[in-house]
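*Asks:* Supplied structure: final11.tsv, TSV, C-alpha atoms.
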```
chain	number	residue	atom	x	y	z
H	1	MET	CA	28.29	-44.72	16.69
H	2	ASN	CA	29.46	-45.03	20.30
H	3	VAL	CA	29.64	-41.84	22.36
H	4	ALA	CA	30.86	-41.29	25.91
H	5	LEU	CA	28.97	-38.66	27.89
H	6	ILE	CA	31.17	-37.56	30.79
H	7	PHE	CA	29.49	-35.31	33.32
H	8	ALA	CA	31.65	-33.15	35.53
H	9	GLY	CA	29.32	-30.37	36.55
H	10	GLY	CA	29.59	-30.69	40.33
H	11	SER	CA	31.46	-28.34	42.63
H	12	GLY	CA	32.64	-31.05	45.05
H	13	ARG	CA	31.62	-29.54	48.37
H	14	ARG	CA	32.31	-32.83	50.20
H	15	MET	CA	35.93	-32.72	49.05
H	16	ASN	CA	36.54	-29.68	51.30
H	17	THR	CA	38.65	-27.90	48.69
H	18	ALA	CA	38.04	-24.26	47.90
H	19	SER	CA	40.68	-23.98	45.18
H	20	ARG	CA	39.06	-26.07	42.42
H	21	PRO	CA	36.25	-28.54	41.79
H	22	LYS	CA	37.08	-32.17	42.56
H	23	GLN	CA	37.23	-33.22	38.90
H	24	PHE	CA	40.13	-30.80	38.40
H	25	LEU	CA	42.19	-31.89	41.40
H	26	MET	CA	45.69	-32.89	40.33
H	27	LEU	CA	47.57	-36.15	40.67
H	28	HIS	CA	51.04	-36.35	39.11
H	29	ASN	CA	50.39	-33.11	37.22
H	30	LYS	CA	47.20	-34.46	35.63
H	31	GLU	CA	43.57	-33.70	36.47
H	32	ILE	CA	41.22	-36.44	37.70
H	33	ILE	CA	38.91	-35.87	34.75
H	34	VAL	CA	41.82	-36.38	32.34
H	35	TYR	CA	42.50	-39.80	33.87
H	36	THR	CA	38.83	-40.60	33.23
H	37	LEU	CA	38.79	-39.26	29.69
H	38	GLU	CA	41.93	-41.16	28.71
H	39	HIS	CA	40.11	-44.50	29.01
H	40	PHE	CA	37.52	-43.42	26.44
H	41	GLU	CA	40.08	-41.61	24.28
H	42	ARG	CA	42.15	-44.79	23.92
H	43	HIS	CA	39.26	-47.21	23.42
H	44	PRO	CA	38.98	-48.26	19.76
H	45	GLU	CA	35.17	-48.50	19.85
H	46	ILE	CA	34.56	-44.98	21.20
H	47	ASP	CA	33.95	-42.54	18.37
H	48	ALA	CA	33.34	-39.29	20.25
H	49	ILE	CA	33.13	-37.79	23.73
H	50	CYS	CA	30.85	-35.14	25.20
H	51	VAL	CA	31.88	-33.45	28.46
H	52	VAL	CA	29.42	-31.58	30.65
H	53	CYS	CA	31.43	-29.07	32.66
H	54	ILE	CA	30.99	-26.25	35.14
H	55	GLU	CA	30.67	-23.27	32.82
H	56	SER	CA	33.38	-21.20	34.47
H	57	TRP	CA	35.86	-24.07	34.07
H	58	ILE	CA	35.27	-24.80	30.37
H	59	ASP	CA	38.29	-22.79	29.21
H	60	TYR	CA	40.47	-24.60	31.75
H	61	LEU	CA	39.15	-27.95	30.51
H	62	LYS	CA	39.96	-27.08	26.90
H	63	LYS	CA	43.57	-26.32	27.88
H	64	ALA	CA	43.81	-29.61	29.81
H	65	LEU	CA	42.49	-31.56	26.79
H	66	LYS	CA	45.09	-29.96	24.51
H	67	LYS	CA	47.89	-30.52	27.01
H	68	ASN	CA	47.07	-34.22	27.32
H	69	ASP	CA	46.29	-34.89	23.64
H	70	ILE	CA	42.62	-35.72	24.19
H	71	THR	CA	41.16	-35.43	20.67
H	72	LYS	CA	37.85	-37.31	20.76
H	73	VAL	CA	35.99	-34.60	22.75
H	74	LYS	CA	33.56	-33.15	20.20
H	75	TRP	CA	31.23	-31.27	22.55
H	76	ILE	CA	31.77	-29.36	25.80
H	77	VAL	CA	28.53	-28.07	27.31
H	78	PRO	CA	27.74	-26.29	30.58
H	79	GLY	CA	26.18	-28.19	33.47
H	80	GLY	CA	22.68	-27.70	34.79
H	81	GLU	CA	21.11	-27.16	38.19
H	82	THR	CA	20.98	-30.91	38.92
H	83	GLY	CA	22.83	-33.99	37.77
H	84	GLN	CA	19.82	-34.93	35.67
H	85	ASP	CA	19.83	-31.52	34.00
H	86	SER	CA	23.56	-31.78	33.31
H	87	ILE	CA	23.15	-35.14	31.59
H	88	TYR	CA	20.24	-33.74	29.59
H	89	ASN	CA	22.43	-30.89	28.36
H	90	GLY	CA	25.00	-33.39	27.15
H	91	LEU	CA	22.39	-35.62	25.53
H	92	ALA	CA	20.93	-32.59	23.72
H	93	ALA	CA	24.29	-31.88	22.09
H	94	ILE	CA	24.75	-35.53	21.13
H	95	HIS	CA	21.15	-35.87	19.89
H	96	ALA	CA	21.59	-32.87	17.57
H	97	ASP	CA	24.56	-34.47	15.79
H	98	CYS	CA	24.34	-38.25	16.09
H	99	PRO	CA	22.05	-41.03	14.79
H	100	GLU	CA	19.35	-42.17	17.21
H	101	ASP	CA	20.72	-45.71	17.23
H	102	SER	CA	24.01	-44.46	18.68
H	103	ILE	CA	25.09	-45.98	21.97
H	104	VAL	CA	25.72	-43.50	24.79
H	105	LEU	CA	27.91	-44.43	27.75
H	106	ILE	CA	27.11	-42.09	30.64
H	107	HIS	CA	29.96	-41.81	33.11
H	108	ASP	CA	31.11	-39.70	36.06
H	109	GLY	CA	34.09	-37.47	35.42
H	110	VAL	CA	35.34	-38.37	38.91
H	111	ARG	CA	35.23	-42.13	38.36
H	112	PRO	CA	38.70	-42.61	36.78
H	113	LEU	CA	39.50	-46.21	37.76
H	114	ILE	CA	37.81	-48.04	34.90
H	115	ASN	CA	39.36	-50.10	32.10
H	116	GLU	CA	39.03	-51.06	28.45
H	117	LYS	CA	37.12	-54.28	29.17
H	118	LEU	CA	34.41	-52.46	31.12
H	119	ILE	CA	33.79	-50.07	28.23
H	120	THR	CA	33.74	-52.98	25.78
H	121	ASP	CA	31.30	-54.93	27.96
H	122	ASN	CA	28.98	-51.92	28.23
H	123	ILE	CA	28.80	-51.53	24.46
H	124	ALA	CA	28.23	-55.27	23.97
H	125	SER	CA	25.43	-55.35	26.55
H	126	VAL	CA	23.57	-52.47	24.91
H	127	LYS	CA	23.82	-54.22	21.54
H	128	ALA	CA	22.53	-57.47	23.05
H	129	ASN	CA	20.01	-56.20	25.60
H	130	GLY	CA	19.38	-52.48	25.09
H	131	SER	CA	21.08	-51.35	28.31
H	132	ALA	CA	24.18	-51.76	30.48
H	133	ILE	CA	24.37	-50.84	34.15
H	134	THR	CA	27.82	-51.30	35.67
H	135	VAL	CA	27.52	-52.93	39.09
H	136	THR	CA	29.62	-54.41	41.85
H	137	PRO	CA	28.46	-57.07	44.33
H	138	VAL	CA	27.40	-55.95	47.79
H	139	ILE	CA	29.91	-57.31	50.30
H	140	GLU	CA	28.42	-55.85	53.49
H	141	THR	CA	25.10	-56.69	55.09
H	142	VAL	CA	22.35	-54.33	53.89
H	143	MET	CA	19.52	-53.37	56.24
H	144	LEU	CA	16.31	-51.54	55.43
H	145	THR	CA	15.27	-49.13	58.18
H	146	SER	CA	12.18	-47.15	59.04
H	147	ASP	CA	12.04	-43.41	59.73
H	148	ASP	CA	12.65	-44.04	63.44
H	149	LYS	CA	15.88	-45.93	62.60
H	150	LYS	CA	14.42	-49.34	63.39
H	151	VAL	CA	15.64	-52.18	61.19
H	152	TYR	CA	12.73	-54.01	59.62
H	153	LYS	CA	14.39	-56.15	56.97
H	154	SER	CA	17.75	-57.64	56.06
H	155	VAL	CA	18.37	-57.72	52.32
H	156	ASP	CA	19.69	-60.88	50.64
H	157	ARG	CA	23.30	-59.91	49.93
H	158	ASP	CA	23.73	-62.56	47.23
H	159	ARG	CA	21.03	-60.88	45.13
H	160	SER	CA	22.15	-57.30	45.77
H	161	CYS	CA	24.57	-55.07	43.91
H	162	THR	CA	25.67	-51.45	43.83
H	163	ALA	CA	24.97	-49.45	40.68
H	164	LYS	CA	27.99	-47.55	39.39
H	165	ALA	CA	29.04	-46.27	35.96
H	166	PRO	CA	29.18	-46.36	33.00
H	167	GLN	CA	25.43	-46.63	32.52
H	168	SER	CA	24.78	-47.14	28.83
H	169	PHE	CA	21.78	-47.03	26.48
H	170	TYR	CA	20.70	-46.38	22.94
H	171	LEU	CA	20.50	-42.63	22.39
H	172	LYS	CA	16.84	-42.76	21.31
H	173	ASP	CA	15.83	-44.51	24.55
H	174	ILE	CA	17.68	-42.35	27.09
H	175	TRP	CA	16.72	-39.17	25.20
H	176	ALA	CA	13.02	-40.13	25.25
H	177	ALA	CA	13.20	-40.84	28.98
H	178	HIS	CA	14.77	-37.44	29.70
H	179	GLU	CA	12.18	-35.69	27.56
H	180	GLN	CA	9.39	-37.47	29.45
H	181	ALA	CA	10.88	-36.54	32.82
H	182	ARG	CA	11.16	-32.88	31.86
H	183	ALA	CA	7.60	-32.88	30.52
H	184	GLU	CA	6.51	-34.12	33.95
H	185	GLY	CA	8.54	-31.43	35.72
H	186	ILE	CA	11.03	-33.92	37.14
H	187	HIS	CA	14.64	-32.75	37.44
H	188	ASP	CA	16.11	-34.80	40.29
H	189	LYS	CA	16.31	-38.44	39.25
H	190	ILE	CA	19.26	-39.88	41.12
H	191	ASP	CA	20.82	-41.53	38.07
H	192	SER	CA	20.10	-42.77	34.56
H	193	ALA	CA	19.43	-46.34	35.70
H	194	THR	CA	16.69	-45.16	38.06
H	195	MET	CA	15.14	-43.00	35.36
H	196	MET	CA	15.10	-45.78	32.78
H	197	SER	CA	13.68	-48.28	35.27
H	198	ASP	CA	10.96	-45.84	36.34
H	199	TYR	CA	9.89	-45.49	32.70
H	200	GLY	CA	9.61	-49.21	32.13
H	201	HIS	CA	12.94	-50.10	30.54
H	202	ALA	CA	14.58	-53.41	31.40
H	203	LEU	CA	18.05	-53.00	32.87
H	204	TYR	CA	20.89	-55.45	32.34
H	205	THR	CA	24.03	-55.48	34.45
H	206	VAL	CA	27.72	-55.50	33.59
H	207	ALA	CA	30.23	-56.54	36.23
H	208	GLY	CA	32.72	-53.88	37.29
H	209	GLY	CA	35.61	-54.06	39.73
H	210	PRO	CA	35.62	-52.76	43.32
H	211	GLU	CA	38.24	-50.17	42.36
H	212	ASN	CA	35.65	-48.28	40.27
H	213	ILE	CA	35.11	-45.67	42.98
H	214	LYS	CA	33.60	-42.22	42.67
H	215	ILE	CA	35.91	-39.58	44.11
H	216	THR	CA	33.74	-37.43	46.35
H	217	THR	CA	35.69	-37.17	49.62
H	218	PRO	CA	39.35	-36.72	50.61
H	219	THR	CA	39.49	-40.43	51.54
H	220	ASP	CA	38.41	-41.37	48.01
H	221	PHE	CA	41.21	-39.23	46.59
H	222	TYR	CA	43.80	-40.96	48.76
H	223	ILE	CA	42.52	-44.37	47.61
H	224	PHE	CA	42.70	-43.20	43.99
H	225	ARG	CA	46.27	-42.01	44.50
H	226	ALA	CA	47.33	-45.27	46.14
H	227	LEU	CA	45.76	-47.45	43.45
H	228	THR	CA	47.18	-45.32	40.63
H	229	ASP	CA	50.67	-45.44	42.14
H	230	ALA	CA	50.37	-49.20	42.66
H	231	MET	CA	49.36	-49.76	39.03
H	232	GLU	CA	52.20	-47.56	37.77
H	233	ASN	CA	54.71	-49.37	39.99
H	234	SER	CA	53.51	-52.76	38.77
H	235	GLN	CA	54.27	-51.71	35.20
H	236	ILE	CA	57.69	-50.35	36.12
H	237	PHE	CA	58.77	-53.40	38.13
H	238	GLY	CA	56.92	-56.02	36.07
H	239	LEU	CA	54.85	-57.23	39.01
```
Would you mind writing the file out in structure tokens?
*Replies:*
Amino acid sequence: MNVALIFAGGSGRRMNTASRPKQFLMLHNKEIIVYTLEHFERHPEIDAICVVCIESWIDYLKKALKKNDITKVKWIVPGGETGQDSIYNGLAAIHADCPEDSIVLIHDGVRPLINEKLITDNIASVKANGSAITVTPVIETVMLTSDDKKVYKSVDRDRSCTAKAPQSFYLKDIWAAHEQARAEGIHDKIDSATMMSDYGHALYTVAGGPENIKITTPTDFYIFRALTDAMENSQIFGL
């Protein structure tokens, strides 16, 4: 069984919008999170979806799912205090209902510019290697700095990449890692890849495109809008 875990529990303070969280901002009368969910809804290998949502917005989400014919969402659970806690809440719902050898694709609700191939490649990598971390190559020079802002090392760009999402694992492995972290009183791991690496799991990468941005600022939203309009225009005009 292949399950997408979409977490959308953040309030989006960096977006500077007081009206609604960033995942519910509208583009062409459709919420950002719906754009994201549609990729998993349409993928033939995805069997079910779990959404972790701000509790006060769950009713709104349910209406958006119905309006846009999203039918694979089987669980909607409230978010936690941290991103790690939110993912744990989603995993708990999945773990209660699904076999332990299920594959879980963990993805940001505000990362809508993915595609069918990326989802397929994530599933294939977990089957082959036990994990899949979506990455993009680093194209800028990366410098390591000390606390006093002095540069002490330049990182080899050819061997560097940026971790994005989906980040995918067997359910039994990511569940065990979360249980271990909670037993140790840890609630602030930056992402699933970091957690799994810290607990000794080998991580294997899957190449994603540069358009796979996370919408956290107004600039990100404008890029999302431009890319979405460009893709729609290319279909209309056959470009």
*Asks:* How close does range 36-132 of chain H get to range 173-193 of chain H? List, as a Markdown table, each residue of range 36-132 of chain H within 7 Å, its nearest atom pair and the distance in Å to one decimal, counting only C-alpha atoms.
*Replies:*
```
| residue | atom | partner | partner_atom | distance |
| --- | --- | --- | --- | --- |
| H:Thr82 | CA | H:Asp188 | CA | 6.4 |
| H:Gln84 | CA | H:His187 | CA | 5.9 |
| H:Asp85 | CA | H:His187 | CA | 6.3 |
| H:Tyr88 | CA | H:His178 | CA | 6.6 |
| H:Leu91 | CA | H:Trp175 | CA | 6.7 |
```
*Asks:* Could the residues in this selection be saved with C-alpha atoms as a JSON list (two decimals), in the frame of the given file?
*Replies:*
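Saved file again_9.json follows:
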```
[["chain", "number", "residue", "atom", "x", "y", "z"],
["H", 82, "THR", "CA", 20.98, -30.91, 38.92],
["H", 84, "GLN", "CA", 19.82, -34.93, 35.67],
["H", 85, "ASP", "CA", 19.83, -31.52, 34.00],
["H", 88, "TYR", "CA", 20.24, -33.74, 29.59],
["H", 91, "LEU", "CA", 22.39, -35.62, 25.53]]
```
*Asks:* Using all atoms listed in the file for the distances, tell me which of H:Asn89, H:Thr36, H:Ser197, H:Asn122 is nearest to Leu65 in chain H.
*Replies:*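 Closest to Leu65 in chain H of all the choices is H:Thr36.
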*Asks:* Find the residue from H:Lys127, H:Lys150, H:Lys22, H:Lys172 that sits nearest to Lys214 in chain H; use only C-alpha atoms when measuring.
*Replies:*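 Nearest to Lys214 in chain H: H:Lys22.
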*Asks:* Which residue out of H:Met195, H:Leu113, H:Ile103, H:Leu171 has the minimum interatomic distance to Glu45 in chain H when all atoms listed in the file are used?
*Replies:*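 For Glu45 in chain H, the nearest of the given residues is H:Ile103.
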*Asks:* Tell me, as a list in words, which residues lie within 9 Å of Ile119 in chain H, counting all atoms listed in the file; anything in the same chain fewer than 2 positions away does not count.
*Replies:* His39, Phe40, His43, Glu45, Ile46, Leu105, Ile114, Asn115, Glu116, Lys117, Asp121, Asn122, Ile123, Ala124 and Pro166 of chain H
*Asks:* Create the file for the chosen residues now, containing C-alpha atoms and written as a JSON list (two decimals), in the frame of the given file.
*Replies:*
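The result, written out as selection29.json:
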```json
[["chain", "number", "residue", "atom", "x", "y", "z"],
["H", 39, "HIS", "CA", 40.11, -44.50, 29.01],
["H", 40, "PHE", "CA", 37.52, -43.42, 26.44],
["H", 43, "HIS", "CA", 39.26, -47.21, 23.42],
["H", 45, "GLU", "CA", 35.17, -48.50, 19.85],
["H", 46, "ILE", "CA", 34.56, -44.98, 21.20],
["H", 105, "LEU", "CA", 27.91, -44.43, 27.75],
["H", 114, "ILE", "CA", 37.81, -48.04, 34.90],
["H", 115, "ASN", "CA", 39.36, -50.10, 32.10],
["H", 116, "GLU", "CA", 39.03, -51.06, 28.45],
["H", 117, "LYS", "CA", 37.12, -54.28, 29.17],
["H", 121, "ASP", "CA", 31.30, -54.93, 27.96],
["H", 122, "ASN", "CA", 28.98, -51.92, 28.23],
["H", 123, "ILE", "CA", 28.80, -51.53, 24.46],
["H", 124, "ALA", "CA", 28.23, -55.27, 23.97],
["H", 166, "PRO", "CA", 29.18, -46.36, 33.00]]
```
*Asks:* Please indicate the distance in Å from CA of Gly200 in chain H to CA of His107 in chain H, rounded to one decimal place.
*Replies:*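 Calculated distance between CA of Gly200 in chain H and CA of His107 in chain H is 21.7 Å.
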*Asks:* Can you pull out the residues contacting Lys67 in chain H? Cut-off 12 Å, using only C-alpha atoms, and skip same-chain residues under 5 positions away; I want them as a PDB file with C-alpha atoms, in the coordinates of the input.
*Replies:*
```
ATOM      1  CA  ASN H  29      50.390 -33.110  37.220  1.00  0.00           C
ATOM      2  CA  LYS H  30      47.200 -34.460  35.630  1.00  0.00           C
ATOM      3  CA  GLU H  31      43.570 -33.700  36.470  1.00  0.00           C
ATOM      4  CA  VAL H  34      41.820 -36.380  32.340  1.00  0.00           C
ATOM      5  CA  TYR H  60      40.470 -24.600  31.750  1.00  0.00           C
ATOM      6  CA  LEU H  61      39.150 -27.950  30.510  1.00  0.00           C
ATOM      7  CA  LYS H  62      39.960 -27.080  26.900  1.00  0.00           C
TER       8      LYS H  62
END
```
